[in-house]
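Below is one structure, written out as structure tokens, with a few remarks after it.
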Amino acid sequence: MKHKIPAVLLIPVIICLTSCASKMPVAKNAATAKSLKEHQESFTEKIVPVTAGVYCATGYALSNSAMIVVNGGKVIVDATESVEAATEIKREFDRIAPGPVLAVIYTHTHADHILGADAFVEPGMPIWATDRAVQSINDQFVSMNKVIRRRADKQFGSGLDESLRVGAGIGPLLRLDEGPVPPIYYPTHTFSGIERLEIGGVVIELHQAPGETDDQLFVWLPGKKVLFPGDNVYAAFPNLYSTRGVPPRPIRKWIASLDAMRALYPEFMSPGHTQPVSGKERISEILTVYRDAIAYTHDSVIRMASEGKSPDDMAREIKLPPHLRDHPYLREFYGKLSWSVRGIYDGYLGWFDGNASSLARLHPAEKGRRMIPLLGGRENILAAANEALNGKDYQWAAELTDILLAVDAEDTQARHIKADALWQLGAAEVNLNARNYYFSSALELREAYEPAEPIINADTIKNVPAGVIIAALPERLDPAKSSDLQMSVAFEFTDTKENYVFYIRRGIGEIAERKIENPDLKFIATQSDFKAFLLGDVSGVKALATKMIRIEGGLSDLLKFKSLLIK
């Protein structure tokens with residue numbers, strides 16, 4: 001049974017599985033198509049022998065999964081985003097090395113590395129990650145989920161027709177399981193710094209290595225000289241900023257992590273995306289140019305900010321030197337230099353660009369109301385936008401229509417002109433994130449894009465602590481409906497003996513982990529029963545009638561509380 005899940009539980013990177021029926025023609029651009037075709041050919045589905053006892057599965061899903069063969073079984077590095085894909089990979093790994101999975105290692109906790117874990121994990125099996133992984137999972141899968149999921153849907157192009165989805169830049173298409181989102185498995189063992197394991201006679205070193213994520217690690221096999229760099233290296237320009245929305249990347253730490261990898265002089269490298277690489281000199285060269293490209297971008301932003309340059313100036317002016325720009329590991333199939341520049345600037349200096357006019361910038365709707373008469377009225381702007389479109393000045397056409405759409409978002413002519421402009425911008429893009437976002441946004445403007453909600457059931461969130469769900473309630477509180485309200489809502493979980501209180505104080509919510517006397521409303525249940533009630537697997541009436549959920553407080557208080565939460 002499908003349920004529309006509350007915003008607190010929406011998964012940010014779970015993308016819709018249904019394609020929209022586009023009335024727009026498939027965009028053609030010969031140079032772009034050739035470049036994308038060549039890049040995509042590297043993502044064939046196969047098991048790659050890295051060196052003796054080490055194998056990498058590529059092309060089965062967006063991310064790779066690797067196997068380290070040890071005495072008595074195997075260790076898995078990353079699990080992809082799909083249980084179906086991970087099951088196929090495990091079948092192939094079992095043919096090569098029969099025996100149980102003895103441990104799973106998460107290089108980081110992006111969904112494309114952990115959602116396939118159900119295919120590998122058995123009760124009691126250790127799952128290793130850094131000590132920042134648990135918080136990272138909670139942040140991704142609970143906080144900021146709705147907006148990130150919506151933008152990620154466009155970034156990965158999951159609502160596009162198959163004829164438009166040519167890849168994801170660092171792998172084949174994002175592969176999601178049909179039906180409910182798989183269970184989320186938290187790490188059972190965490191560390192900071194360096195952790196040295198010995199599993200089945202093989203020494204496995206885990207090195208904390210912030211980079212694309214703050215919870216990143218790399219895996220080093222000293223006896224085999226094999227490096228698993230996670231997502232700190234792949235055959236595309238690094239995603240120093242993601243269009244789906246991310247906290248500032250720790251750029252200086254990313255550079256330091258790459259330097260730590262370089263110092264090991266690996267002979268084999270098996271990244272989280274794209275193909276494994278062998279040869280000490282080749283790997284050293286890749287790690288060095290990758291590190292230099294990140295450092296050059298970072299240092300250019302700092303230098304130009306000190307000179308008083310704006311982020312717009314920097315995005316236009318900063319270019320990689322030729323020896324980096326033309327390197328096969330730095331082509332902009334995934335990350336994009338101009339986005340990276342803006343992301344680094346914002347990470348250090350925030351939204352303000354230094355221009356005093358920006359301190360109280362007019363709202364686009366107000367600016368549009370003033371601009372339209374100055375530009376001769378709506379018809380003149382439409383004519384200019386059409387002229388720009390016909391002249392292949394697609395960015396200008398899109399920006400001209402933005403003036404009209406800021407005032408009237410339903411202006412059909414402006415929407416269609418902008419859609420056509422975005423379509424052509426997408427057709428010319430080799431950056432898959434940009435290409436997918438352009439196409440998806442164009443279809444949305446023509447009302448031909450309708451992403452589906454992910455299906456979340458009790459199994460999906462069985463490992464998510466109820467306290468994590470409770471902690472997100474203040475973000476769902478409707479400030480207008482609760483502006484004059486003072487209320488306390490208690491939660492008592494009978495299986496874990498945990499108690500929480502949600503204080504509602506005139507539009508502001510506060511969570512405290514404590515037990516209080518005489519709350520206005522109190523829920524008493526096991527964690528699993530409470531989750532089933534929250535998801536709608538069990539109706540409120542049935543939950544109360546069967547005593548799955550006990551309520552202390554009046555029915556009116558329960559209904560009032562439910563009305564305060566934004567879905």
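We label chains A, B, ... in the order they appear in the structure tokens, count residues from 1 in each chain, and number ligands from 1 in the order shown.
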Q: Determine, counting only C-alpha atoms, which protein, DNA and RNA residues have an atom within 6 Å of an atom of range 526-540 of chain A; residues of the same chain fewer than 6 positions away are not included. Present the result as number ranges by chain.
A: A: 5, 458, 466, 493-495
Preceding selection exported with all heavy atoms as an mmCIF file, in the first residue's frame:
```cif
data_model
loop_
_atom_site.group_PDB
_atom_site.id
_atom_site.type_symbol
_atom_site.label_atom_id
_atom_site.label_comp_id
_atom_site.auth_asym_id
_atom_site.auth_seq_id
_atom_site.Cartn_x
_atom_site.Cartn_y
_atom_site.Cartn_z
ATOM 1 N N ILE A 5 3.982 10.255 2.679
ATOM 2 C CA ILE A 5 4.679 10.299 3.948
ATOM 3 C C ILE A 5 4.849 11.732 4.424
ATOM 4 O O ILE A 5 4.996 12.627 3.622
ATOM 5 C CB ILE A 5 6.043 9.623 3.766
ATOM 6 C CG1 ILE A 5 7.056 10.140 4.722
ATOM 7 C CG2 ILE A 5 6.569 9.768 2.431
ATOM 8 C CD1 ILE A 5 8.362 9.457 4.623
ATOM 9 N N ALA A 458 7.163 0.962 7.021
ATOM 10 C CA ALA A 458 7.789 0.736 8.331
ATOM 11 C C ALA A 458 9.152 0.073 8.200
ATOM 12 O O ALA A 458 10.049 0.303 9.016
ATOM 13 C CB ALA A 458 6.857 -0.101 9.206
ATOM 14 N N ALA A 466 13.306 6.656 16.809
ATOM 15 C CA ALA A 466 12.145 7.538 16.922
ATOM 16 C C ALA A 466 12.555 8.931 17.364
ATOM 17 O O ALA A 466 11.948 9.931 16.970
ATOM 18 C CB ALA A 466 11.131 6.943 17.899
ATOM 19 N N PHE A 493 8.172 6.026 24.880
ATOM 20 C CA PHE A 493 8.374 4.792 24.120
ATOM 21 C C PHE A 493 8.632 3.665 25.113
ATOM 22 O O PHE A 493 9.648 3.644 25.816
ATOM 23 C CB PHE A 493 9.515 4.960 23.122
ATOM 24 C CG PHE A 493 9.194 5.987 22.072
ATOM 25 C CD1 PHE A 493 9.868 7.199 22.034
ATOM 26 C CD2 PHE A 493 8.188 5.765 21.149
ATOM 27 C CE1 PHE A 493 9.556 8.151 21.092
ATOM 28 C CE2 PHE A 493 7.869 6.721 20.195
ATOM 29 C CZ PHE A 493 8.543 7.922 20.169
ATOM 30 N N THR A 494 7.697 2.737 25.134
ATOM 31 C CA THR A 494 7.705 1.707 26.175
ATOM 32 C C THR A 494 8.810 0.680 25.981
ATOM 33 O O THR A 494 9.244 0.053 26.940
ATOM 34 C CB THR A 494 6.351 0.987 26.213
ATOM 35 O OG1 THR A 494 6.053 0.459 24.906
ATOM 36 C CG2 THR A 494 5.244 1.948 26.619
ATOM 37 N N ASP A 495 9.285 0.487 24.745
ATOM 38 C CA ASP A 495 10.319 -0.525 24.502
ATOM 39 C C ASP A 495 11.721 -0.009 24.787
ATOM 40 O O ASP A 495 12.588 -0.758 25.224
ATOM 41 C CB ASP A 495 10.239 -1.056 23.067
ATOM 42 C CG ASP A 495 10.219 0.055 22.024
ATOM 43 O OD1 ASP A 495 9.911 1.218 22.368
ATOM 44 O OD2 ASP A 495 10.517 -0.240 20.843
#
```
(Q) Need the shell around Asp411 in chain A: protein/DNA/RNA residues with any atom at most 12 Å away, counting only C-alpha atoms. Skip same-chain ones fewer than 5 positions apart. Format as an MDAnalysis selection string? (A) chainID A and resid 378:379 382 401:406 416:418 445:446
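We find CA of Gly272 in chain A and CA of Thr107 in chain A to be spaced 8.1 Å apart.
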Q. Looking at only C-alpha atoms, which of A:Ile255, A:Leu443, A:Leu240, A:Leu221 is the one that sits closest to Ala209 in chain A?
A. A:Ile255
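The protein and nucleic acid residues lying at most 12 Å from range 386-398 of chain A are Glu379, Asn380, Leu404, Leu405, Gln413, Ala414, Arg415, His416, Ile417, Lys418, Ala419, Asp420, Ala421, Leu422, Trp423, Gln424, Leu425, Gly426, Ala427, Ala428, Tyr438, Ser441, Ala442 and Leu445 of chain A, with only C-alpha atoms considered and sequence neighbours fewer than 6 positions away removed.
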Expected file: the selected residues, C-alpha atoms, as a compact mmCIF listing (two decimals), in the first residue's frame:
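File produced: selection-v1.txt:
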```txt
# COMPACT_ATOMS: atom_id res chain seq x y z
CA GLU A 379 4.51 42.46 -25.39
CA ASN A 380 7.87 44.14 -25.96
CA LEU A 404 7.47 38.49 -16.58
CA LEU A 405 7.20 35.27 -14.58
CA GLN A 413 3.65 32.61 -23.37
CA ALA A 414 6.54 33.49 -21.08
CA ARG A 415 6.57 29.95 -19.66
CA HIS A 416 6.77 28.41 -23.13
CA ILE A 417 9.54 30.73 -24.32
CA LYS A 418 11.55 30.01 -21.18
CA ALA A 419 10.90 26.27 -21.58
CA ASP A 420 12.26 26.37 -25.14
CA ALA A 421 15.32 28.34 -24.00
CA LEU A 422 16.07 25.92 -21.16
CA TRP A 423 15.61 23.00 -23.53
CA GLN A 424 18.26 24.34 -25.87
CA LEU A 425 20.62 25.12 -22.99
CA GLY A 426 20.23 21.51 -21.87
CA ALA A 427 20.87 20.19 -25.37
CA ALA A 428 24.27 21.89 -25.45
CA TYR A 438 17.42 22.19 -17.73
CA SER A 441 12.62 22.48 -15.59
CA ALA A 442 11.57 22.97 -19.23
CA LEU A 445 7.10 24.90 -17.31
```
Q. Could you pull the residues within 6 Å of range 210-220 of chain A, counting only C-alpha atoms, minus those fewer than 2 positions along the same chain, as a VMD selection string?
A. chain A and resid 107 to 108 130 132 to 133 205 to 208 222 226 to 230 232 250 253 to 254
Write a file of the just-selected residues containing all heavy atoms, as a compact mmCIF listing (two decimals), in the first residue's frame.
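Saved file result-v7.txt follows:
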```txt
# COMPACT_ATOMS: atom_id res chain seq x y z
N THR A 107 32.08 4.23 2.61
CA THR A 107 33.04 5.32 2.44
C THR A 107 32.41 6.65 2.82
O THR A 107 33.10 7.59 3.22
CB THR A 107 33.57 5.41 1.00
OG1 THR A 107 32.48 5.64 0.10
CG2 THR A 107 34.32 4.15 0.61
N HIS A 108 31.10 6.75 2.70
CA HIS A 108 30.31 7.87 3.20
C HIS A 108 28.85 7.46 3.09
O HIS A 108 28.54 6.37 2.60
CB HIS A 108 30.60 9.17 2.44
CG HIS A 108 30.30 9.12 0.98
ND1 HIS A 108 30.97 8.29 0.10
CD2 HIS A 108 29.38 9.77 0.22
CE1 HIS A 108 30.50 8.46 -1.11
NE2 HIS A 108 29.52 9.33 -1.08
N THR A 130 32.77 6.58 9.52
CA THR A 130 33.38 7.55 10.43
C THR A 130 32.38 7.96 11.50
O THR A 130 31.17 7.72 11.39
CB THR A 130 33.85 8.81 9.69
OG1 THR A 130 32.71 9.58 9.28
CG2 THR A 130 34.68 8.45 8.46
N ARG A 132 31.17 10.67 12.03
CA ARG A 132 30.24 11.71 11.57
C ARG A 132 29.11 11.12 10.71
O ARG A 132 28.24 11.85 10.25
CB ARG A 132 31.01 12.76 10.77
CG ARG A 132 32.04 13.49 11.63
CD ARG A 132 32.90 14.43 10.85
NE ARG A 132 33.92 15.02 11.72
CZ ARG A 132 34.90 15.81 11.29
NH1 ARG A 132 34.99 16.08 10.00
NH2 ARG A 132 35.77 16.31 12.13
N ALA A 133 29.14 9.82 10.52
CA ALA A 133 28.19 9.20 9.59
C ALA A 133 26.76 9.19 10.12
O ALA A 133 25.82 9.41 9.36
CB ALA A 133 28.64 7.77 9.28
N GLU A 205 42.92 -0.66 6.51
CA GLU A 205 43.00 0.61 7.21
C GLU A 205 41.89 1.54 6.73
O GLU A 205 41.67 1.71 5.53
CB GLU A 205 44.35 1.28 6.98
CG GLU A 205 45.51 0.58 7.66
CD GLU A 205 46.83 1.32 7.48
OE1 GLU A 205 46.83 2.41 6.86
OE2 GLU A 205 47.86 0.80 7.94
N LEU A 206 41.20 2.16 7.69
CA LEU A 206 40.18 3.15 7.41
C LEU A 206 40.72 4.52 7.83
O LEU A 206 41.12 4.71 8.97
CB LEU A 206 38.89 2.85 8.17
CG LEU A 206 38.34 1.42 8.06
CD1 LEU A 206 37.05 1.29 8.86
CD2 LEU A 206 38.09 1.05 6.60
N HIS A 207 40.75 5.45 6.91
CA HIS A 207 41.29 6.78 7.16
C HIS A 207 40.18 7.82 7.04
O HIS A 207 39.56 7.94 5.97
CB HIS A 207 42.39 7.13 6.16
CG HIS A 207 43.63 6.30 6.29
ND1 HIS A 207 44.86 6.83 6.63
CD2 HIS A 207 43.84 4.96 6.11
CE1 HIS A 207 45.77 5.86 6.65
NE2 HIS A 207 45.17 4.71 6.34
N GLN A 208 39.92 8.56 8.10
CA GLN A 208 38.96 9.65 8.01
C GLN A 208 39.48 10.65 6.97
O GLN A 208 40.63 11.07 7.03
CB GLN A 208 38.81 10.31 9.37
CG GLN A 208 37.62 11.24 9.48
CD GLN A 208 37.30 11.58 10.93
OE1 GLN A 208 38.18 11.53 11.78
NE2 GLN A 208 36.06 11.90 11.22
N PRO A 222 47.29 -1.96 2.90
CA PRO A 222 48.75 -1.81 2.81
C PRO A 222 49.44 -3.02 2.19
O PRO A 222 50.45 -2.88 1.51
CB PRO A 222 49.18 -1.59 4.27
CG PRO A 222 48.05 -2.10 5.10
CD PRO A 222 46.82 -1.89 4.30
N VAL A 226 46.29 -1.11 -2.39
CA VAL A 226 45.03 -0.74 -3.03
C VAL A 226 44.39 0.40 -2.25
O VAL A 226 44.26 0.33 -1.02
CB VAL A 226 44.05 -1.93 -3.10
CG1 VAL A 226 42.72 -1.48 -3.73
CG2 VAL A 226 44.65 -3.07 -3.89
N LEU A 227 43.95 1.43 -2.97
CA LEU A 227 43.26 2.58 -2.40
C LEU A 227 41.80 2.60 -2.86
O LEU A 227 41.52 2.49 -4.05
CB LEU A 227 43.95 3.88 -2.84
CG LEU A 227 43.23 5.19 -2.51
CD1 LEU A 227 43.23 5.44 -1.01
CD2 LEU A 227 43.86 6.36 -3.26
N PHE A 228 40.89 2.74 -1.91
CA PHE A 228 39.49 3.00 -2.21
C PHE A 228 39.21 4.44 -1.77
O PHE A 228 38.99 4.69 -0.57
CB PHE A 228 38.57 2.04 -1.44
CG PHE A 228 38.81 0.58 -1.73
CD1 PHE A 228 39.78 -0.13 -1.02
CD2 PHE A 228 38.07 -0.09 -2.69
CE1 PHE A 228 40.00 -1.48 -1.26
CE2 PHE A 228 38.29 -1.44 -2.95
CZ PHE A 228 39.26 -2.15 -2.23
N PRO A 229 39.22 5.41 -2.68
CA PRO A 229 39.13 6.82 -2.28
C PRO A 229 37.72 7.32 -2.02
O PRO A 229 37.53 8.50 -1.70
CB PRO A 229 39.73 7.55 -3.48
CG PRO A 229 39.37 6.69 -4.64
CD PRO A 229 39.44 5.27 -4.13
N GLY A 230 36.71 6.44 -2.15
CA GLY A 230 35.33 6.90 -2.01
C GLY A 230 35.00 7.88 -3.11
O GLY A 230 35.36 7.69 -4.27
N ASN A 232 36.01 11.03 -3.16
CA ASN A 232 36.98 12.13 -3.19
C ASN A 232 37.73 12.18 -4.51
O ASN A 232 38.45 13.16 -4.78
CB ASN A 232 37.96 12.02 -2.03
CG ASN A 232 37.34 12.49 -0.73
OD1 ASN A 232 36.31 13.15 -0.73
ND2 ASN A 232 37.98 12.16 0.39
N PRO A 250 34.00 20.84 2.69
CA PRO A 250 35.22 21.21 3.41
C PRO A 250 36.43 21.18 2.47
O PRO A 250 37.21 20.21 2.46
CB PRO A 250 35.30 20.14 4.51
CG PRO A 250 34.64 18.94 3.90
CD PRO A 250 33.55 19.47 3.00
N LYS A 253 40.01 20.58 3.72
CA LYS A 253 40.14 19.20 4.20
C LYS A 253 40.16 18.22 3.04
O LYS A 253 40.86 17.19 3.10
CB LYS A 253 38.99 18.86 5.16
CG LYS A 253 39.02 19.63 6.47
CD LYS A 253 37.85 19.25 7.35
CE LYS A 253 37.87 20.02 8.66
NZ LYS A 253 36.69 19.67 9.51
N TRP A 254 39.41 18.51 1.97
CA TRP A 254 39.42 17.65 0.79
C TRP A 254 40.83 17.60 0.19
O TRP A 254 41.34 16.52 -0.14
CB TRP A 254 38.42 18.20 -0.23
CG TRP A 254 38.02 17.26 -1.33
CD1 TRP A 254 38.73 16.18 -1.81
CD2 TRP A 254 36.81 17.30 -2.09
NE1 TRP A 254 38.03 15.57 -2.83
CE2 TRP A 254 36.85 16.24 -3.02
CE3 TRP A 254 35.70 18.14 -2.09
CZ2 TRP A 254 35.82 16.01 -3.94
CZ3 TRP A 254 34.68 17.91 -3.00
CH2 TRP A 254 34.74 16.85 -3.91
```
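Neighbouring residues of Gly99 in chain A at 10 Å or closer, counting only C-alpha atoms and skipping chain neighbours under 4 positions away, are Val69, Val70, Asn71, Gly72, Gly73, Lys74, Phe93, Asp94 and Arg95 of chain A.
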File dump, residues just selected, N, CA, C and O atoms, as a tab-separated table (two decimals), in the first residue's frame:
```
chain	number	residue	atom	x	y	z
A	69	VAL	N	38.46	-9.93	-0.80
A	69	VAL	CA	38.38	-11.34	-0.42
A	69	VAL	C	39.32	-11.58	0.76
A	69	VAL	O	40.49	-11.20	0.73
A	70	VAL	N	38.78	-12.21	1.81
A	70	VAL	CA	39.56	-12.52	3.00
A	70	VAL	C	39.34	-13.99	3.35
A	70	VAL	O	38.45	-14.64	2.80
A	71	ASN	N	40.14	-14.51	4.26
A	71	ASN	CA	39.93	-15.89	4.71
A	71	ASN	C	38.56	-16.02	5.36
A	71	ASN	O	38.22	-15.27	6.27
A	72	GLY	N	37.78	-16.94	4.85
A	72	GLY	CA	36.47	-17.20	5.44
A	72	GLY	C	35.34	-16.33	4.91
A	72	GLY	O	34.21	-16.44	5.40
A	73	GLY	N	35.63	-15.49	3.93
A	73	GLY	CA	34.53	-14.68	3.40
A	73	GLY	C	35.02	-13.46	2.65
A	73	GLY	O	36.05	-13.47	1.97
A	74	LYS	N	34.30	-12.36	2.79
A	74	LYS	CA	34.59	-11.15	2.02
A	74	LYS	C	34.16	-9.92	2.80
A	74	LYS	O	33.30	-9.99	3.69
A	93	PHE	N	29.79	-11.65	-6.95
A	93	PHE	CA	30.87	-11.74	-5.98
A	93	PHE	C	30.92	-13.15	-5.37
A	93	PHE	O	32.01	-13.72	-5.15
A	94	ASP	N	29.76	-13.73	-5.09
A	94	ASP	CA	29.71	-15.08	-4.49
A	94	ASP	C	30.29	-16.12	-5.44
A	94	ASP	O	30.87	-17.13	-4.99
A	95	ARG	N	30.12	-15.94	-6.75
A	95	ARG	CA	30.69	-16.87	-7.72
A	95	ARG	C	32.21	-16.81	-7.69
A	95	ARG	O	32.89	-17.83	-7.85
```
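Between CA of Pro454 in chain A and CA of Arg149 in chain A the interatomic distance comes to 9.6 Å.
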Q: Check the smallest atom-to-atom distance from each of A:Pro474, A:Gly467, A:Gly376, A:Pro271 to Lys497 in chain A using only C-alpha atoms, then report the winner.
A: A:Gly467
Q.
What's around Ile105 in chain A at 8 Å? Count only C-alpha atoms, leave out sequence neighbours fewer than 6 positions away in its own chain, and write the answer as a list in words.
A. Val75, Ile76, Val77, Asp78, Ile127, Trp128 and Ala129 of chain A
Q: Please report, as a PyMOL selection string, each residue of range 334-552 of chain A to which DSSP assigns alpha helix (DSSP H) when run on this structure's backbone.
A: chain A and resi 337-349+364-374+378-390+394-407+412-427+432-445+466-471+473-476+527-535+540-545
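Contact shell of Val134 in chain A at 10 Å (only C-alpha atoms; same-chain neighbours under 4 positions omitted): Thr109, Ala129, Thr130, Asn138, Asp139, Tyr185, Tyr186, Pro187, Thr188, Thr190 and Asp215 of chain A.
Shortest atom-to-atom contact with Arg249 in chain A among A:Asp346, A:Glu510, A:Asp326, A:Asp313: A:Asp346, counting only C-alpha atoms.
Checking A:Asp459, A:Asp353, A:Glu92, A:Asp131 one by one against Asp118 in chain A, counting only C-alpha atoms, you find the shortest gap at A:Asp459.
Distances from A:Ala480, A:Ile470, A:Val48, A:Leu400 to Gly507 in chain A were compared using only C-alpha atoms, and the smallest one belongs to A:Ala480.
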Q: If you run DSSP over the backbone, which residues in range 478-511 of chain A end up strand (DSSP E)? Put them as a ChimeraX atom specification.
A: /A:486-493,498-505,508-511
Generate a file of the selected residues that holds N, CA, C and O atoms, formatted as a compact mmCIF listing (two decimals), in the first residue's frame.
```
# COMPACT_ATOMS: atom_id res chain seq x y z
N GLN A 486 0.32 27.81 23.42
CA GLN A 486 1.31 27.22 24.33
C GLN A 486 0.84 25.80 24.58
O GLN A 486 -0.28 25.59 25.06
N MET A 487 1.67 24.81 24.24
CA MET A 487 1.24 23.41 24.34
C MET A 487 2.44 22.52 24.58
O MET A 487 3.54 22.79 24.07
N SER A 488 2.26 21.45 25.33
CA SER A 488 3.32 20.46 25.53
C SER A 488 2.80 19.09 25.09
O SER A 488 1.70 18.68 25.46
N VAL A 489 3.58 18.41 24.27
CA VAL A 489 3.22 17.09 23.76
C VAL A 489 4.32 16.12 24.18
O VAL A 489 5.49 16.30 23.80
N ALA A 490 3.97 15.10 24.93
CA ALA A 490 4.95 14.13 25.42
C ALA A 490 4.89 12.85 24.60
O ALA A 490 3.83 12.45 24.10
N PHE A 491 6.04 12.19 24.48
CA PHE A 491 6.15 10.91 23.79
C PHE A 491 6.88 9.95 24.71
O PHE A 491 8.02 10.22 25.12
N GLU A 492 6.23 8.84 25.03
CA GLU A 492 6.86 7.82 25.88
C GLU A 492 6.94 6.52 25.07
O GLU A 492 5.91 5.98 24.66
N PHE A 493 8.17 6.03 24.88
CA PHE A 493 8.37 4.79 24.12
C PHE A 493 8.63 3.67 25.11
O PHE A 493 9.65 3.64 25.82
N GLU A 498 12.49 5.60 26.45
CA GLU A 498 12.83 6.98 26.13
C GLU A 498 11.61 7.88 26.28
O GLU A 498 10.48 7.46 26.01
N ASN A 499 11.86 9.11 26.69
CA ASN A 499 10.81 10.10 26.84
C ASN A 499 11.23 11.41 26.17
O ASN A 499 12.37 11.87 26.37
N TYR A 500 10.32 11.97 25.40
CA TYR A 500 10.58 13.25 24.74
C TYR A 500 9.39 14.17 24.98
O TYR A 500 8.26 13.73 25.16
N VAL A 501 9.68 15.47 24.95
CA VAL A 501 8.63 16.47 25.04
C VAL A 501 8.80 17.46 23.89
O VAL A 501 9.92 17.92 23.61
N PHE A 502 7.69 17.75 23.23
CA PHE A 502 7.65 18.76 22.17
C PHE A 502 6.90 19.97 22.75
O PHE A 502 5.69 19.93 22.95
N TYR A 503 7.67 21.01 23.04
CA TYR A 503 7.06 22.24 23.55
C TYR A 503 6.72 23.14 22.37
O TYR A 503 7.58 23.44 21.54
N ILE A 504 5.47 23.56 22.30
CA ILE A 504 5.04 24.52 21.28
C ILE A 504 4.81 25.85 21.99
O ILE A 504 3.97 25.96 22.90
N ARG A 505 5.59 26.84 21.60
CA ARG A 505 5.60 28.12 22.32
C ARG A 505 5.45 29.27 21.32
O ARG A 505 6.41 29.78 20.77
N ILE A 508 6.95 28.58 17.89
CA ILE A 508 8.31 28.03 17.98
C ILE A 508 8.22 26.67 18.64
O ILE A 508 7.49 26.48 19.63
N GLY A 509 8.97 25.71 18.12
CA GLY A 509 8.99 24.37 18.69
C GLY A 509 10.32 24.06 19.35
O GLY A 509 11.37 24.51 18.88
N GLU A 510 10.27 23.31 20.43
CA GLU A 510 11.48 22.89 21.15
C GLU A 510 11.31 21.44 21.56
O GLU A 510 10.26 21.05 22.07
N ILE A 511 12.35 20.63 21.34
CA ILE A 511 12.34 19.23 21.75
C ILE A 511 13.28 19.05 22.95
O ILE A 511 14.42 19.53 22.93
```
